[in-house]
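A short write-up of the structure that comes next.
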Amino acid sequence: MGKIEFPLPTETDEMLVVGAIFSEATTGANASDDEKRAIGLCVVNMAYYARMTTQNGKKCFNTTFGDGTIIKAIKTSVKGYDTPRWRLVMNGDVLKTKAALEKDLDALETAVLKNVVSIAAAVMKAALPAAGPGSTRAPLQFNQAANDPPSKREQKIFNLGSHTFYGFIAGRECQ
C-alpha cells in the first residue's frame, strides 16, 4: 500500500483537524488546497467562537459550535465525523499509527493524507479567528448546499469545490 514518508502530527487537536479535512474533502486528490484549508479553518474558528462568552458587553450564544474544544466542534458540525472516510485515517479520535496507515491507504490516499497533514499544520498555526483563503472573512461552517446558512446569524461568504462556506453576518458574532 502507500508508504508514509512524512511526519504525522502528535498533538490530538491537530490529528482531529486532519481527520475532519480528510473526511470532508471527499473528492480526494481533486479537492483544492484552499477547500481543504477552509474546512480546517471552520473547525478551529468554531472552537474559538464557542469559547467566546461576551463581546463588547453583549452575551454570545455560540454553544451550538460545541464547548470550545476541537473535538466538540467536529462532533457538532462535521458530517464526516466517524464515517468510513474518517475511520480510514482515524482510530476513534486519534490518527492511526504509521503502520496502520501504510496498511490501509493506497498510494493515492497516502498522497492526499500527506497534503492534508501539511494543511492541518498550517491551520493550527493560524491566528484566530482566521480568514478563509482569498477572503477577509472567517469561515465558520460549511455544507454542500448552494446557499443554505446553518444559522440566521450566518451568510454565505464563498464557495470552494463542492462546499459553500458561511461566516457570521457582520456584528452577529454575539447578540
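Each chain in the C-alpha cells gets a letter, A, B, ..., in the order shown, and its residues are numbered from 1; ligands are numbered from 1 in order too.
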field: Test item, strand (DSSP E or B) assignment across range 30-147 of chain A, answer as JSON, numbers by chain
entry: {"A": [54, 55, 58, 59, 90, 91, 94, 95, 141, 142, 143]}
Take the residues from that selection and put them in a file with C-alpha atoms, as a PDB file, in the first residue's frame.
ATOM      1  CA  THR A  54     -19.192  38.014  25.791  1.00  0.00           C
ATOM      2  CA  GLN A  55     -18.064  40.721  23.390  1.00  0.00           C
ATOM      3  CA  LYS A  58     -23.076  41.530  24.565  1.00  0.00           C
ATOM      4  CA  LYS A  59     -23.730  37.918  25.537  1.00  0.00           C
ATOM      5  CA  MET A  90      -8.548   7.796  12.363  1.00  0.00           C
ATOM      6  CA  ASN A  91      -8.793   5.266  15.174  1.00  0.00           C
ATOM      7  CA  VAL A  94      -6.709   9.888  17.156  1.00  0.00           C
ATOM      8  CA  LEU A  95      -4.780   9.424  13.936  1.00  0.00           C
ATOM      9  CA  GLN A 141     -19.463  26.368   8.917  1.00  0.00           C
ATOM     10  CA  PHE A 142     -19.888  24.648   5.577  1.00  0.00           C
ATOM     11  CA  ASN A 143     -22.208  22.394   3.650  1.00  0.00           C
TER      12      ASN A 143
END
- request: Using only C-alpha atoms, determine which residues lie at most 12 Å from Thr136 in chain A, disregarding the query and same-chain residues fewer than 5 positions distant; provide the list as an MDAnalysis selection string.
  value: chainID A and resid 129:131 157:158 167 170
- request: Work out how far apart CA of Leu88 in chain A and CA of Cys42 in chain A are and give it in Å to one decimal.
  value: 21.6 Å
message: Going by DSSP on the backbone, which residues of chain A come out as helix (DSSP H, G or I)? List them as a PyMOL selection string.
response: chain A and resi 12-24+28-30+33-51+63-65+70-77+84-89+98-104+107-125
- prompt: Leaving out Met124 in chain A and any residue of its chain fewer than 6 positions from it, which residues lie within 9 Å of it when counting only C-alpha atoms, given as a list in words?
  reply: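 In the requested format, the answer is Asp13, Glu14, Val17, Gly40, Leu41 and Val44 of chain A.
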CA of Leu140 in chain A to CA of Val18 in chain A, distance in Å rounded to a single decimal: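 The value is 16.9 Å.
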Write out as a PDB file with N, CA and C atoms, in the first residue's frame each polymer residue whose atoms come within 12 Å of Gly134 in chain A, counting only C-alpha atoms; drop sequence neighbours fewer than 4 positions from it.
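And here is the file that came out, selection_13.pdb:
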ATOM      1  N   ASP A  33      -6.427  22.743  -2.378  1.00  0.00           N
ATOM      2  CA  ASP A  33      -5.817  23.061  -1.092  1.00  0.00           C
ATOM      3  C   ASP A  33      -6.633  24.129  -0.369  1.00  0.00           C
ATOM      4  N   ASP A  34      -7.187  25.089  -1.110  1.00  0.00           N
ATOM      5  CA  ASP A  34      -7.999  26.137  -0.487  1.00  0.00           C
ATOM      6  C   ASP A  34      -9.248  25.546   0.157  1.00  0.00           C
ATOM      7  N   GLU A  35      -9.893  24.601  -0.516  1.00  0.00           N
ATOM      8  CA  GLU A  35     -11.083  23.969   0.056  1.00  0.00           C
ATOM      9  C   GLU A  35     -10.718  23.215   1.336  1.00  0.00           C
ATOM     10  N   ARG A  37      -8.145  23.775   3.295  1.00  0.00           N
ATOM     11  CA  ARG A  37      -7.778  24.767   4.327  1.00  0.00           C
ATOM     12  C   ARG A  37      -9.034  25.383   4.939  1.00  0.00           C
ATOM     13  N   ALA A  38     -10.006  25.731   4.117  1.00  0.00           N
ATOM     14  CA  ALA A  38     -11.236  26.346   4.618  1.00  0.00           C
ATOM     15  C   ALA A  38     -11.989  25.385   5.551  1.00  0.00           C
ATOM     16  N   ALA A 130      -9.547  33.043  12.015  1.00  0.00           N
ATOM     17  CA  ALA A 130      -8.736  33.071  10.798  1.00  0.00           C
ATOM     18  C   ALA A 130      -9.611  33.232   9.558  1.00  0.00           C
ATOM     19  N   ALA A 138     -13.923  35.140   8.141  1.00  0.00           N
ATOM     20  CA  ALA A 138     -13.599  33.875   8.801  1.00  0.00           C
ATOM     21  C   ALA A 138     -14.676  32.833   8.522  1.00  0.00           C
ATOM     22  N   PRO A 139     -14.326  31.734   7.852  1.00  0.00           N
ATOM     23  CA  PRO A 139     -15.316  30.685   7.641  1.00  0.00           C
ATOM     24  C   PRO A 139     -15.629  29.993   8.964  1.00  0.00           C
ATOM     25  N   ILE A 157     -20.195  33.136   2.466  1.00  0.00           N
ATOM     26  CA  ILE A 157     -19.049  34.025   2.224  1.00  0.00           C
ATOM     27  C   ILE A 157     -18.220  33.590   1.017  1.00  0.00           C
ATOM     28  N   PHE A 158     -18.222  32.300   0.691  1.00  0.00           N
ATOM     29  CA  PHE A 158     -17.564  31.846  -0.539  1.00  0.00           C
ATOM     30  C   PHE A 158     -17.861  30.380  -0.794  1.00  0.00           C
ATOM     31  N   ASN A 159     -17.598  29.962  -2.034  1.00  0.00           N
ATOM     32  CA  ASN A 159     -17.688  28.558  -2.448  1.00  0.00           C
ATOM     33  C   ASN A 159     -16.293  28.087  -2.816  1.00  0.00           C
ATOM     34  N   LEU A 160     -15.988  26.865  -2.452  1.00  0.00           N
ATOM     35  CA  LEU A 160     -14.754  26.209  -2.883  1.00  0.00           C
ATOM     36  C   LEU A 160     -15.094  24.753  -3.152  1.00  0.00           C
TER      37      LEU A 160
END
message: Nearest residue to Glu5 in chain A out of A:Glu102, A:Gln175, A:Asp148, A:Arg153, using only C-alpha atoms?
response: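 Among the listed residues, the smallest separation from Glu5 in chain A belongs to A:Glu102.
For Pro149 in chain A, the non-local neighbours within 8 Å, defined as residues at least 6 positions apart in the same chain or in other chains and counting only C-alpha atoms, are A:Gln155, A:Lys156, A:Tyr166.
Nearest-residue note for Tyr48 in chain A: choosing from A:Val89, A:Leu108, A:Cys174, A:Ile70, the minimum distance belongs to A:Ile70, counting only C-alpha atoms.
For the residues A:Thr97, A:Asn56, A:Thr12, A:Asn115, ranking by smallest atom-to-atom distance to Thr69 in chain A using only C-alpha atoms places A:Thr12 first.
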